[in-house]
Structure formats: C-alpha cells, structure tokens
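Okay, my_file-v7.txt now, which holds compact mmCIF, C-alpha atoms:
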```
# COMPACT_ATOMS: atom_id res chain seq x y z
CA MET A 1313 25.95 -24.67 -10.84
CA SER A 1314 25.79 -27.56 -13.24
CA ALA A 1315 22.96 -28.12 -15.66
CA ILE A 1316 21.29 -31.49 -15.49
CA TYR A 1317 20.09 -31.24 -19.06
CA GLU A 1318 21.73 -33.49 -21.64
CA PRO A 1319 20.58 -32.94 -25.22
CA GLY A 1320 20.48 -36.61 -26.10
CA LYS A 1321 18.34 -37.52 -23.09
CA SER A 1322 15.53 -34.99 -23.36
CA LEU A 1323 12.07 -36.37 -23.00
CA PRO A 1324 10.53 -36.93 -26.44
CA PHE A 1325 7.13 -35.59 -25.46
CA ASP A 1326 8.38 -32.36 -23.88
CA GLU A 1327 7.51 -30.00 -26.69
CA ASP A 1328 8.51 -26.99 -24.60
CA LEU A 1329 11.99 -28.35 -24.19
CA ARG A 1330 12.37 -28.93 -27.92
CA LEU A 1331 11.25 -25.37 -28.56
CA VAL A 1332 13.66 -24.08 -25.92
CA GLU A 1333 16.52 -25.99 -27.53
CA ARG A 1334 15.72 -24.56 -30.93
CA ALA A 1335 15.25 -21.05 -29.55
CA THR A 1336 18.56 -21.25 -27.71
CA ALA A 1337 20.17 -22.24 -30.98
CA GLY A 1338 18.80 -19.07 -32.55
CA ASP A 1339 15.51 -20.26 -34.06
CA GLU A 1340 13.22 -17.23 -33.82
CA GLU A 1341 10.17 -19.23 -34.82
CA ALA A 1342 10.65 -21.56 -31.86
CA PHE A 1343 10.61 -18.64 -29.45
CA GLN A 1344 7.56 -17.22 -31.21
CA ALA A 1345 5.84 -20.56 -30.62
CA LEU A 1346 6.66 -20.40 -26.91
CA TYR A 1347 5.42 -16.82 -26.80
CA GLU A 1348 2.09 -17.72 -28.37
CA ARG A 1349 1.71 -20.80 -26.22
CA TYR A 1350 2.19 -18.98 -22.92
CA HIS A 1351 1.17 -15.42 -23.61
CA ASP A 1352 -2.33 -15.90 -22.21
CA LYS A 1353 -1.18 -17.46 -18.96
CA VAL A 1354 1.58 -14.92 -18.42
CA PHE A 1355 -0.82 -12.11 -19.15
CA ALA A 1356 -3.26 -13.55 -16.60
CA ILE A 1357 -0.53 -13.59 -13.98
CA ALA A 1358 0.50 -10.02 -14.74
CA ARG A 1359 -3.06 -8.79 -14.88
CA GLY A 1360 -4.02 -10.56 -11.67
CA ILE A 1361 -1.10 -9.04 -9.80
CA LEU A 1362 -1.06 -5.59 -11.39
CA LEU A 1363 -4.86 -5.17 -11.82
CA ASP A 1364 -4.30 -2.98 -14.84
CA HIS A 1365 -4.60 -4.06 -18.47
CA GLU A 1366 -2.03 -1.62 -19.87
CA GLU A 1367 0.52 -2.31 -17.17
CA ALA A 1368 -0.02 -6.03 -17.56
CA ALA A 1369 0.50 -5.84 -21.33
CA ASP A 1370 3.77 -3.95 -20.82
CA ALA A 1371 4.83 -6.41 -18.15
CA VAL A 1372 4.21 -9.35 -20.48
CA GLN A 1373 6.50 -7.85 -23.10
CA GLU A 1374 9.21 -7.27 -20.50
CA ILE A 1375 8.81 -10.78 -19.09
CA PHE A 1376 9.18 -12.42 -22.50
CA THR A 1377 12.13 -10.15 -23.26
CA LEU A 1378 13.81 -11.31 -20.07
CA VAL A 1379 13.13 -14.92 -20.99
CA TYR A 1380 14.38 -14.36 -24.53
CA ARG A 1381 17.64 -12.84 -23.33
CA HIS A 1382 18.24 -15.30 -20.52
CA LEU A 1383 16.99 -18.49 -22.09
CA ALA A 1384 20.46 -20.00 -21.79
CA ARG A 1385 20.12 -19.72 -18.01
CA PHE A 1386 17.18 -22.14 -17.99
CA ASP A 1387 18.82 -25.23 -16.48
CA ARG A 1388 16.07 -27.76 -17.35
CA ARG A 1389 15.70 -28.86 -13.74
CA SER A 1390 12.09 -27.71 -13.78
CA LYS A 1391 9.54 -27.43 -16.53
CA PHE A 1392 9.96 -24.43 -18.80
CA SER A 1393 6.47 -23.25 -17.88
CA THR A 1394 7.18 -23.10 -14.14
CA TRP A 1395 10.47 -21.25 -14.82
CA LEU A 1396 8.54 -18.79 -16.98
CA PHE A 1397 5.77 -18.38 -14.38
CA ARG A 1398 8.29 -17.77 -11.66
CA ILE A 1399 9.81 -14.95 -13.68
CA ALA A 1400 6.34 -13.61 -14.42
CA VAL A 1401 5.28 -13.65 -10.75
CA ASN A 1402 8.49 -12.05 -9.48
CA ARG A 1403 8.57 -9.44 -12.20
CA SER A 1404 4.90 -8.52 -11.73
CA ILE A 1405 5.19 -8.30 -7.95
CA GLN A 1406 8.27 -6.14 -8.42
CA GLN A 1407 6.34 -3.83 -10.72
CA ALA A 1408 3.31 -3.80 -8.41
CA ARG A 1409 5.48 -2.62 -5.54
CA ARG A 1410 7.03 0.06 -7.69
CA GLY A 1411 3.63 1.12 -8.92
CA ARG A 1412 2.30 1.30 -5.39
CA SER A 1413 5.18 3.52 -4.27
CA ARG A 1414 4.65 5.65 -7.38
CA ARG A 1415 1.01 6.00 -6.50
CA HIS A 1416 1.99 7.08 -2.99
CA GLN A 1417 4.02 9.92 -4.49
CA VAL A 1418 1.38 11.45 -6.76
CA PRO A 1419 0.33 15.03 -5.99
CA LEU A 1420 -2.66 15.48 -3.73
CA THR A 1421 -4.93 16.89 -6.46
CA GLU A 1422 -4.10 14.01 -8.77
CA ALA A 1423 -4.70 11.55 -5.98
CA TYR A 1424 -8.06 13.17 -5.30
CA ASP A 1425 -9.02 12.86 -8.96
CA LYS A 1426 -8.12 9.19 -8.95
CA ALA A 1427 -9.72 8.40 -5.63
CA GLU A 1428 -13.02 7.46 -7.13
CA GLU A 1429 -11.54 5.26 -9.82
CA ALA A 1430 -12.60 1.65 -9.44
CA PRO A 1431 -10.20 -1.21 -10.12
CA GLU A 1432 -10.01 -1.96 -13.80
CA ILE A 1433 -10.99 -5.57 -13.38
CA GLU A 1434 -14.69 -5.90 -14.05
CA ALA A 1435 -16.80 -8.64 -12.55
CA ASP A 1436 -20.39 -9.65 -12.19
CA ASP A 1437 -19.98 -9.24 -8.46
CA PRO A 1438 -18.13 -5.94 -7.81
CA ALA A 1439 -17.15 -7.17 -4.35
CA ILE A 1440 -14.93 -9.80 -5.98
CA ALA A 1441 -12.83 -7.22 -7.85
CA ALA A 1442 -12.75 -4.91 -4.81
CA ALA A 1443 -11.56 -7.71 -2.54
CA MET A 1444 -8.97 -8.75 -5.10
CA ALA A 1445 -7.69 -5.18 -5.29
CA LYS A 1446 -7.27 -5.03 -1.51
CA LEU A 1447 -5.07 -8.12 -1.43
CA HIS A 1448 -1.29 -8.01 -1.26
CA PRO A 1449 0.30 -8.66 -4.70
CA ALA A 1450 1.79 -11.94 -3.43
CA ASP A 1451 -1.68 -13.16 -2.41
CA ARG A 1452 -3.09 -12.10 -5.77
CA ALA A 1453 -0.29 -14.07 -7.44
CA LEU A 1454 -1.37 -17.23 -5.60
CA LEU A 1455 -5.03 -16.84 -6.44
CA THR A 1456 -4.17 -16.05 -10.06
CA LEU A 1457 -1.98 -19.12 -10.46
CA PHE A 1458 -4.62 -21.33 -8.83
CA TYR A 1459 -7.91 -20.01 -10.21
CA TRP A 1460 -6.86 -18.46 -13.51
CA ASP A 1461 -3.93 -20.53 -14.70
CA GLU A 1462 -5.31 -23.60 -12.93
CA LEU A 1463 -1.92 -24.81 -11.80
CA SER A 1464 -1.61 -27.66 -9.35
CA LEU A 1465 -0.17 -27.04 -5.89
CA GLN A 1466 3.10 -28.63 -7.03
CA GLU A 1467 3.31 -26.34 -10.05
CA ILE A 1468 2.46 -23.32 -7.90
CA ALA A 1469 5.19 -24.39 -5.47
CA GLU A 1470 7.73 -24.60 -8.28
CA SER A 1471 6.62 -21.27 -9.69
CA LEU A 1472 6.98 -19.60 -6.31
CA GLY A 1473 10.14 -21.43 -5.30
CA CYS A 1474 8.69 -23.08 -2.22
CA SER A 1475 7.53 -26.51 -1.10
CA ALA A 1476 4.10 -27.89 -2.00
CA ASN A 1477 3.06 -27.76 1.65
CA ALA A 1478 4.13 -24.14 1.90
CA ALA A 1479 2.22 -23.35 -1.28
CA LYS A 1480 -0.87 -25.04 0.16
CA THR A 1481 -0.63 -23.04 3.40
CA ARG A 1482 -0.03 -19.78 1.56
CA LEU A 1483 -2.95 -20.43 -0.76
CA PHE A 1484 -5.24 -21.18 2.18
CA ARG A 1485 -4.23 -17.94 3.89
CA ALA A 1486 -4.62 -15.94 0.69
CA ARG A 1487 -8.12 -17.34 0.25
CA GLU A 1488 -9.02 -16.48 3.84
CA ARG A 1489 -7.79 -12.92 3.41
CA PHE A 1490 -9.74 -12.69 0.18
CA ARG A 1491 -12.87 -13.93 1.98
CA ALA A 1492 -12.40 -11.36 4.76
CA PHE A 1493 -12.10 -8.51 2.24
CA TYR A 1494 -15.05 -9.89 0.28
CA GLU A 1495 -17.22 -9.89 3.41
CA GLU A 1496 -16.17 -6.30 4.11
CA GLU A 1497 -17.30 -5.31 0.64
CA LYS A 1498 -20.65 -7.06 0.80
CA PRO A 1499 -23.47 -4.86 2.13
CA MET B 1112 -17.50 -16.00 10.66
CA LYS B 1113 -14.92 -18.21 12.38
CA LEU B 1114 -15.15 -21.79 11.12
CA PRO B 1115 -13.44 -24.98 12.23
CA PRO B 1116 -10.35 -25.34 10.00
CA ALA B 1117 -11.43 -28.75 8.63
CA ILE B 1118 -14.86 -27.43 7.68
CA ASP B 1119 -13.30 -24.31 6.23
CA ALA B 1120 -10.91 -26.30 4.00
CA ALA B 1121 -13.68 -28.69 2.96
CA MET B 1122 -15.92 -25.80 1.96
CA TRP B 1123 -13.22 -24.29 -0.26
CA GLU B 1124 -12.62 -27.65 -1.93
CA LEU B 1125 -16.32 -28.22 -2.52
CA ALA B 1126 -16.77 -24.73 -3.93
CA GLU B 1127 -13.84 -25.30 -6.28
CA THR B 1128 -15.08 -28.64 -7.58
CA GLY B 1129 -18.56 -27.30 -8.15
CA ASP B 1130 -19.96 -30.83 -7.71
CA GLN B 1131 -23.64 -30.21 -7.01
CA ALA B 1132 -24.26 -33.61 -5.40
CA ALA B 1133 -21.34 -33.10 -3.00
CA LEU B 1134 -22.59 -29.60 -2.20
CA ASP B 1135 -26.07 -30.89 -1.46
CA ALA B 1136 -24.66 -33.61 0.78
CA PHE B 1137 -22.60 -31.05 2.69
CA VAL B 1138 -25.54 -28.70 3.16
CA SER B 1139 -27.79 -31.51 4.35
CA ARG B 1140 -25.15 -32.53 6.88
CA TYR B 1141 -24.25 -28.99 7.99
CA PRO B 1142 -27.37 -26.88 7.40
CA GLU B 1143 -25.93 -24.13 9.62
CA TYR B 1144 -23.25 -23.48 6.99
CA GLN B 1145 -25.61 -23.31 4.04
CA ALA B 1146 -25.32 -19.54 3.62
CA GLU B 1147 -21.55 -19.64 4.01
CA MET B 1148 -21.31 -22.46 1.48
CA ALA B 1149 -23.35 -20.48 -1.03
CA GLN B 1150 -21.08 -17.50 -0.53
CA ARG B 1151 -17.99 -19.64 -1.13
CA VAL B 1152 -19.46 -20.89 -4.38
CA ARG B 1153 -20.14 -17.31 -5.45
CA MET B 1154 -16.61 -16.24 -4.53
CA VAL B 1155 -14.93 -19.07 -6.42
CA HIS B 1156 -17.20 -18.61 -9.41
CA GLY B 1157 -16.56 -14.87 -9.39
CA LEU B 1158 -12.82 -15.34 -9.07
CA LYS B 1159 -12.67 -17.76 -11.99
CA ASN B 1160 -14.83 -15.46 -14.09
CA LEU B 1161 -12.43 -12.60 -13.51
CA LYS B 1162 -9.79 -14.27 -15.63
CA PRO B 1163 -8.83 -11.97 -18.48
CA SER B 1164 -8.15 -13.20 -21.95
CA ALA B 1165 -5.59 -11.61 -24.20
CA LYS B 1166 -4.26 -13.72 -27.01
CA ALA B 1167 -0.86 -12.91 -28.38
CA GLN B 1168 -1.21 -10.48 -31.24
CA GLY B 1169 1.47 -10.43 -33.88
CA ARG B 1170 5.08 -11.39 -33.48
CA PHE B 1171 7.05 -11.05 -30.30
CA VAL B 1172 9.36 -8.05 -30.37
CA PRO B 1173 11.78 -7.75 -27.46
CA VAL B 1174 11.51 -4.47 -25.62
CA SER B 1175 14.60 -2.32 -25.72
CA ASP B 1176 15.37 -1.90 -22.05
CA PRO B 1177 13.69 -4.36 -19.72
CA LEU B 1178 14.32 -4.37 -16.02
CA PRO B 1179 17.04 -6.68 -14.76
CA MET B 1180 16.08 -10.31 -14.16
CA PRO B 1181 14.16 -10.55 -10.91
CA THR B 1182 16.05 -12.69 -8.49
CA GLN B 1183 15.05 -14.23 -5.24
CA ASN B 1184 17.98 -13.66 -2.97
CA ARG B 1185 16.95 -16.05 -0.24
CA TRP B 1186 20.19 -15.43 1.61
CA ALA B 1187 19.70 -11.67 1.67
CA LEU B 1188 17.05 -11.58 4.39
CA PRO B 1189 18.79 -13.91 6.88
CA VAL B 1190 22.12 -12.16 6.31
CA ALA B 1191 20.56 -8.77 6.83
CA ALA B 1192 18.75 -10.00 9.95
CA THR B 1193 21.99 -11.46 11.32
CA LEU B 1194 23.83 -8.21 10.68
CA VAL B 1195 21.16 -6.16 12.41
CA LEU B 1196 21.08 -8.56 15.36
CA GLY B 1197 24.87 -8.53 15.63
CA SER B 1198 24.93 -4.75 15.56
CA LEU B 1199 22.32 -4.62 18.30
CA VAL B 1200 24.28 -7.03 20.49
CA PHE B 1201 27.50 -5.08 19.91
CA ALA B 1202 25.80 -1.80 20.72
CA THR B 1203 24.25 -3.26 23.89
CA VAL B 1204 27.55 -4.70 25.09
CA SER B 1205 29.38 -1.45 24.35
CA PHE B 1206 26.76 0.60 26.12
CA THR B 1207 26.78 -1.72 29.14
CA ARG B 1208 30.55 -1.51 29.39
CA TRP B 1209 30.41 2.24 29.11
CA LEU B 1210 27.79 2.36 31.88
CA ASP B 1211 29.96 0.12 34.07
CA SER B 1212 32.93 2.36 33.55
CA GLN B 1213 30.82 5.35 34.59
CA HIS B 1214 29.77 3.71 37.88
CA LYS B 1215 33.11 2.44 39.11
CA PRO B 1216 33.97 3.68 42.63
CA GLU B 1217 36.28 6.58 42.48
CA ILE B 1218 39.66 5.63 43.93
CA PRO B 1219 42.01 8.39 43.01
CA ILE B 1220 45.26 6.65 43.82
CA VAL B 1221 48.38 8.66 43.46
CA GLN B 1222 51.21 6.47 42.30
CA GLU B 1223 54.18 8.63 42.92
CA ASN B 1224 56.92 6.06 42.69
CA PRO B 1225 57.59 3.74 39.80
CA PRO B 1226 56.84 0.10 40.53
CA LEU B 1227 59.55 -1.50 42.60
CA LYS B 1228 61.01 -4.86 42.00
CA VAL B 1229 60.53 -7.07 45.00
CA LYS B 1230 63.33 -9.26 46.09
CA PRO B 1231 61.85 -12.48 47.48
CA GLN B 1232 62.68 -13.19 51.08
CA PRO B 1233 61.66 -16.10 53.30
CA ILE B 1234 58.74 -15.30 55.54
CA ASP B 1235 60.54 -16.21 58.74
CA GLN B 1236 63.20 -13.56 58.05
CA ARG B 1237 60.59 -10.83 57.81
CA GLU B 1238 60.11 -8.43 60.65
CA PRO B 1239 56.51 -7.23 60.80
CA ASP B 1240 57.49 -4.04 62.50
CA ASP B 1241 60.70 -3.40 60.81
CA PRO B 1242 62.56 -0.71 62.74
CA ARG B 1243 63.92 0.60 59.50
CA VAL B 1244 60.43 1.58 58.50
CA LYS B 1245 59.91 3.58 61.63
CA LYS B 1246 63.26 5.15 61.15
CA GLU B 1247 62.39 6.02 57.62
CA LEU B 1248 59.08 7.47 58.64
CA THR B 1249 60.46 9.59 61.38
CA ALA B 1250 63.34 10.78 59.30
CA GLY B 1251 61.45 11.44 56.13
CA GLY B 1252 58.11 12.64 57.44
CA ASN B 1253 56.21 12.15 54.19
CA GLY B 1254 58.49 9.45 52.93
CA GLN B 1255 59.87 11.48 50.08
CA ALA B 1256 62.93 13.07 51.61
CA GLN B 1257 65.11 9.99 51.50
CA GLN B 1258 65.47 7.38 48.85
CA PRO B 1259 63.97 4.26 50.48
CA GLU B 1260 65.88 1.04 50.50
CA ALA B 1261 64.76 -1.73 48.23
CA PRO B 1262 62.03 -3.68 50.07
CA LYS B 1263 62.90 -7.15 51.23
CA THR B 1264 59.40 -8.60 51.09
CA PRO B 1265 56.24 -7.55 49.27
CA TRP B 1266 54.90 -6.36 52.63
CA ASP B 1267 57.66 -3.78 52.72
CA VAL B 1268 56.81 -2.35 49.33
CA PRO B 1269 55.78 1.26 49.76
CA VAL B 1270 52.24 1.96 48.69
CA THR B 1271 50.33 5.16 48.23
CA LEU B 1272 46.61 5.29 48.91
CA VAL B 1273 44.92 8.67 48.82
CA SER B 1274 41.19 8.97 48.63
CA ASP B 1275 38.46 11.12 50.11
CA ARG B 1276 35.89 8.42 49.65
CA ALA B 1277 36.56 4.85 48.64
CA ASN B 1278 35.14 1.48 49.46
CA LEU B 1279 37.17 -0.44 52.05
CA ALA B 1280 37.34 -3.61 49.96
CA ALA B 1281 38.34 -1.64 46.86
CA THR B 1282 41.06 0.10 48.84
CA LEU B 1283 42.42 -3.23 50.06
CA ARG B 1284 42.44 -4.54 46.51
CA GLU B 1285 44.36 -1.48 45.36
CA LEU B 1286 46.87 -1.99 48.16
CA ALA B 1287 47.34 -5.63 47.15
CA LEU B 1288 47.84 -4.57 43.56
CA GLN B 1289 50.49 -2.00 44.41
CA ALA B 1290 52.35 -4.29 46.79
CA GLY B 1291 52.09 -7.35 44.60
CA VAL B 1292 50.44 -9.44 47.28
CA THR B 1293 47.27 -11.43 47.54
CA LEU B 1294 44.73 -10.52 50.20
CA ASP B 1295 42.06 -13.09 50.94
CA ILE B 1296 39.22 -11.09 52.41
CA ALA B 1297 37.05 -13.15 54.74
CA PRO B 1298 33.26 -12.72 54.67
CA GLY B 1299 31.79 -10.18 57.03
CA MET B 1300 34.09 -7.31 56.28
CA PRO B 1301 32.34 -3.99 56.83
CA GLU B 1302 30.98 -2.42 53.66
CA VAL B 1303 32.08 1.09 54.39
CA ASP B 1304 33.43 4.01 52.50
CA ILE B 1305 36.64 5.29 53.99
CA GLN B 1306 38.98 8.22 53.69
CA VAL B 1307 42.67 7.36 53.53
CA ASP B 1308 45.88 9.23 52.99
CA TYR B 1309 48.94 7.00 52.99
CA ARG B 1310 51.90 8.05 50.93
CA ASN B 1311 54.87 5.81 50.36
CA GLN B 1312 54.21 3.66 53.40
CA PRO B 1313 55.12 -0.03 53.64
CA ALA B 1314 52.18 -2.17 52.73
CA MET B 1315 52.08 -4.08 56.01
CA LEU B 1316 52.20 -0.92 58.05
CA VAL B 1317 49.34 0.53 56.08
CA LEU B 1318 47.35 -2.69 56.43
CA LYS B 1319 47.80 -2.77 60.19
CA ASP B 1320 46.90 0.86 60.54
CA MET B 1321 43.79 0.38 58.48
CA GLY B 1322 42.94 -2.72 60.51
CA LYS B 1323 43.11 -0.71 63.69
CA ASN B 1324 40.89 2.01 62.30
CA PHE B 1325 38.35 -0.10 60.46
CA GLY B 1326 38.17 -3.20 62.62
CA PHE B 1327 39.99 -6.00 60.88
CA SER B 1328 43.08 -8.13 61.45
CA VAL B 1329 45.68 -9.30 58.99
CA LEU B 1330 46.98 -12.85 59.27
CA ILE B 1331 50.10 -13.49 57.20
CA GLN B 1332 49.92 -16.82 55.44
CA THR B 1333 52.79 -16.93 52.98
CA GLN B 1334 55.42 -14.56 51.75
CA ASN B 1335 52.91 -12.71 49.62
CA THR B 1336 49.48 -13.79 50.80
CA ALA B 1337 47.52 -12.80 53.84
CA LEU B 1338 44.06 -13.33 55.21
CA VAL B 1339 42.03 -10.30 56.23
CA VAL B 1340 39.41 -11.11 58.86
CA PRO B 1341 36.83 -8.71 60.27
CA ALA B 1342 37.88 -9.00 63.90
CA VAL B 1343 40.27 -7.32 66.22
CA ASP B 1344 42.05 -9.04 69.07
CA PRO B 1345 41.47 -6.75 72.05
CA ARG B 1346 44.56 -8.14 73.78
CA ALA B 1347 46.82 -7.55 70.82
CA PRO B 1348 49.33 -4.75 71.20
CA ALA B 1349 48.38 -1.60 69.42
CA PRO B 1350 50.26 -1.25 66.15
CA GLU B 1351 52.63 1.53 65.59
CA SER B 1352 50.42 4.31 64.42
CA ILE B 1353 51.43 6.34 61.50
CA SER B 1354 51.58 9.85 62.64
CA GLY B 1355 51.30 13.10 60.85
CA LYS B 1356 49.59 13.91 57.66
CA SER B 1357 51.06 10.95 55.88
CA ALA B 1358 48.46 8.62 57.29
CA VAL B 1359 44.98 9.83 57.87
CA ALA B 1360 42.36 7.15 57.88
CA GLN B 1361 38.80 7.70 58.88
CA ASN B 1362 35.42 6.26 58.32
CA VAL B 1363 33.37 8.37 55.94
CA PRO B 1364 29.63 8.53 56.55
CA ALA B 1365 27.46 7.18 53.82
CA GLU B 1366 25.66 9.57 51.52
CA ASP B 1367 22.42 9.28 53.46
CA GLY B 1368 24.19 10.63 56.51
CA LYS B 1369 24.36 7.31 58.37
CA THR B 1370 27.68 5.87 59.33
CA PRO B 1371 27.66 2.21 58.41
```
When written as structure tokens, how does the structure in this file appear?
Amino acid sequence: MSAIYEPGKSLPFDEDLRLVERATAGDEEAFQALYERYHDKVFAIARGILLDHEEAADAVQEIFTLVYRHLARFDRRSKFSTWLFRIAVNRSIQQARRGRSRRHQVPLTEAYDKAEEAPEIEADDPAIAAAMAKLHPADRALLTLFYWDELSLQEIAESLGCSANAAKTRLFRARERFRAFYEEEKP
Amino acid sequence: MKLPPAIDAAMWELAETGDQAALDAFVSRYPEYQAEMAQRVRMVHGLKNLKPSAKAQGRFVPVSDPLPMPTQNRWALPVAATLVLGSLVFATVSFTRWLDSQHKPEIPIVQENPPLKVKPQPIDQREPDDPRVKKELTAGGNGQAQQPEAPKTPWDVPVTLVSDRANLAATLRELALQAGVTLDIAPGMPEVDIQVDYRNQPAMLVLKDMGKNFGFSVLIQTQNTALVVPAVDPRAPAPESISGKSAVAQNVPAEDGKTP
C-alpha cells in the first residue's frame, strides 16, 4: 500500500493534517490538540453505540490510544476525522457486542436485579431512549453519526467504509427500525 | 403505518430541516399524514436532544493495554462463505457417490483365470462353433482340468459369469469386459434379472447360450464387436448347449414375484 500523502503538497487549510504531521513527529501538544478537538464527537459516537456513560468514557480513551499508537498508519487518503470516526465506530460496535455477550452470561439473580434498569440515556420522551436501546449497535452508529455528529452522507460513508448510496440506504433503514421501535414504546 | 416510500423519505427530510413553512405546506397538501408528520418531528427532535456532551478533561493519557486495532476484513466473510459452500458441495458429491456405490447391482463375478492376451485373428478365419471348444468342454467338464489353449479371437476368450441375480444388460457388459469385446445392445432388450453360472467358457459360446435362454441374437460385426438384438430366428439351428453345472442360465423372477 502506498501513501498518497506528500509533505510538501499538503493543503494549507487542513489544520488536522498539520496536527497529524506534528504528532507523528513526536509533538505531544499536537496530539493533545486533536484529542480536544474531537473528544466530544468521539464520545458521542461511543455513547450512542454503547448507551452507557462509563463504558463510553473508557472506550474514548481506548480509541484515542489506538489512534495515538497507529497514527503512522493514517495514509491521508481520507480526512483525519473520518479515519478517526471509523475507528471509533468499529471499536464501539466491537465493545457493544462483547458487552452484550457479557450481559448474556450474568447469573440469573444478577440479571433479575438489572432487569428493571432503564437505559442510561435520559430524554424528554422516554420512548426515544427506549427505541434507541432496542436498535442494533450498527443502526445506533448511523443515527449517532447523522443526528449527533451531524456528518454528511459522504462523511458517514467514509466513516463506515461504504459508498454514499449505501450509507443513505442504511440510514433510511435504521430510521425506519427506530420508528418501528418508537411506535412500540408509545402507549 | 405503511407509507409510500417517497412520502416517507420526504417526511424524514422535512422533520430534519425543521422548516415550519415547509411543514405547513406538507400538512396542507397531505392532511392525512398530519399526525405522522408531527410524530416524525418529535422523533427527530428527541433524537437530537439525546446527544450527550462531555468535553475533554485534562490531558490525554494513553491507556496501558487497549484492544487491538479494529479491522474490517471485508474478504473474511466471502472467503468463509466460499469455504462453507465448497465443503457442502464436496460433502454432497461424496455422499451421492457413496449412495450410488451402495445401489449398484450385485454381480459377483468370479475371475478365476488371469486376463489372457488375445492374439488378433481375421474374422473370416474364426469358427463360431470351434470344435476345439466342444472338445475342451467335454474333456474338462468344468474347464479347469486342462490348460486351455491361447484363444485366437476375443470371442474365444474364456469368461466366467456366476451370479444368482444380475441384470441381463449388466451381465452382457461384464462379459464384454472380460472378453475384451464391444457389444452394441440394440433397444428393446428385456430388462430382466437372470441367474447364470458359466465358468471358463468361450465368450461366444456363452453369448449364444444366453441368447437362446433369454431371447436375443448376436450378430458379429468385426473381430471384436457384435450387435445384440432382442430377437431369435426360429429357423436358426439351436446352438450347442452347454451342459452340466458349468452353464446354468435361468430367468429369475423379479422381487415382486412377477417374471418380467
């Protein structure tokens, strides 16, 4: 795989790329700037997929650690943000699946105790959070990227590693599933 | 509620823009979707309001042992699917072959002599009823007492066919295989199971004897090919029958008790 990036030809207005260059060269402050710039959006992704504040906070730290250690792998063919979001989505979905299987293995008494626990996300309309919790993590990822991080379809496509048309179709289906769960929750 | 896809998509877009004038225009045009439109607006509003906020606090400190980099192995699923499909096909083919092998007609052929090398001989020099064969049969009884001479044509090659129940066509094929000849079997041959017991008998003699018993004639075409037709010439002289235990041929009734 060859990197397209050439240091002398980087776009002057791409602040992310400048920060990435400096961070790759060992500038800790540059990585801190990237961390502060994207922490909120990455946290939103993790929280939207994992539905749990603590888990999401841990996931954010792991995601930025992955990025920090593998920054040299970023090949500059996409924007830094979409590369970061892709890692965040994949990592959070991975953790959500693990968490779900862990939840399936809890003892019966513990499961009974937790049965009445509502999803941690709080909303004015409880049906919204309940419907969100019923969705598959991949669907939650789409809705999070679209409604919370306000990414365009093209950016969502790059973050998910698919075409813009595929992202549009998947978003439409995710919304329809959300609507179906929402209608189930409404009295 | 099932909505037309175009309406459905338009309602999502309108709810996301939140443009009140556009919403009013939609509701005035489609009053039947007013309630659904209001619900969409509530859903989108609720979804957007769910967004958490957590600003970065303090400096970033890498965690000690993060999970490995998540990768999207796009090739993994197709490769796995191909492997599973290939295994299924292999298993099906193997099972089918095994089933076929279990249902083959039982033709317990006793090959007592090693395969003989056939010395080619022109067809016009061949004697269908070679007296030497008769002599050999009468002298040997079961054909094992004397060492037979080397056959001159494939039709003289001694064959051994022993079976309590075998299909006529399959028996003819086995005879052709042992003698090294080609038998073209004409349509209309009886589909019968037969009982045969020929041991070390010349192929042509066996063929003629079987023809007499099961109603077919053998027409020699070349030195090693013949046509088997399901008809018997009533005026033809009766072939030399093979006497004794060495040649017992009879029609075996089918399993349902009917003789075909």
Between A:Ser1404, A:Glu1333, A:Leu1378, A:Leu1463, which is the closest to chain B once you count all atoms listed in the file?
-> A:Leu1378
What residues in chain A have any atom no more than 9 Å from chain B when counting all atoms listed in the file, and can you write them as a PyMOL selection string?
-> chain A and resi 1343-1344+1347-1353+1355-1356+1359-1360+1365+1369+1373-1382+1399+1402-1403+1406+1433-1437+1440-1441+1444+1455-1456+1459-1461+1473+1484+1487+1491+1494
Polymer residues at most 9 Å from Met1148 of chain B, only C-alpha atoms, same-chain spacing of 3 or more positions, as a PyMOL selection string | chain B and resi 1122-1123+1125-1126+1134+1137-1138+1144-1145+1151-1153
Can you list, as a ChimeraX atom specification, every protein, DNA or RNA residue that comes within 9 Å of Ala1443 of chain A when you count all atoms listed in the file, leaving out same-chain residues fewer than 2 positions away?
-> /A:1438-1441,1445-1447,1489-1497
I need the chosen residues saved as a CSV table (one decimal), keeping the file's coordinate frame, with C-alpha atoms.
```csv
chain,number,residue,atom,x,y,z
A,1438,PRO,CA,-18.1,-5.9,-7.8
A,1439,ALA,CA,-17.2,-7.2,-4.4
A,1440,ILE,CA,-14.9,-9.8,-6.0
A,1441,ALA,CA,-12.8,-7.2,-7.8
A,1445,ALA,CA,-7.7,-5.2,-5.3
A,1446,LYS,CA,-7.3,-5.0,-1.5
A,1447,LEU,CA,-5.1,-8.1,-1.4
A,1489,ARG,CA,-7.8,-12.9,3.4
A,1490,PHE,CA,-9.7,-12.7,0.2
A,1491,ARG,CA,-12.9,-13.9,2.0
A,1492,ALA,CA,-12.4,-11.4,4.8
A,1493,PHE,CA,-12.1,-8.5,2.2
A,1494,TYR,CA,-15.0,-9.9,0.3
A,1495,GLU,CA,-17.2,-9.9,3.4
A,1496,GLU,CA,-16.2,-6.3,4.1
A,1497,GLU,CA,-17.3,-5.3,0.6
```
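Relative to atom CA of Glu1124 of chain B, atom CA of Arg1398 of chain A is found at 25.1 Å.
What separates atom CA of Thr1264 of chain B from atom CA of Ile1305 of chain B is a distance of 26.8 Å.
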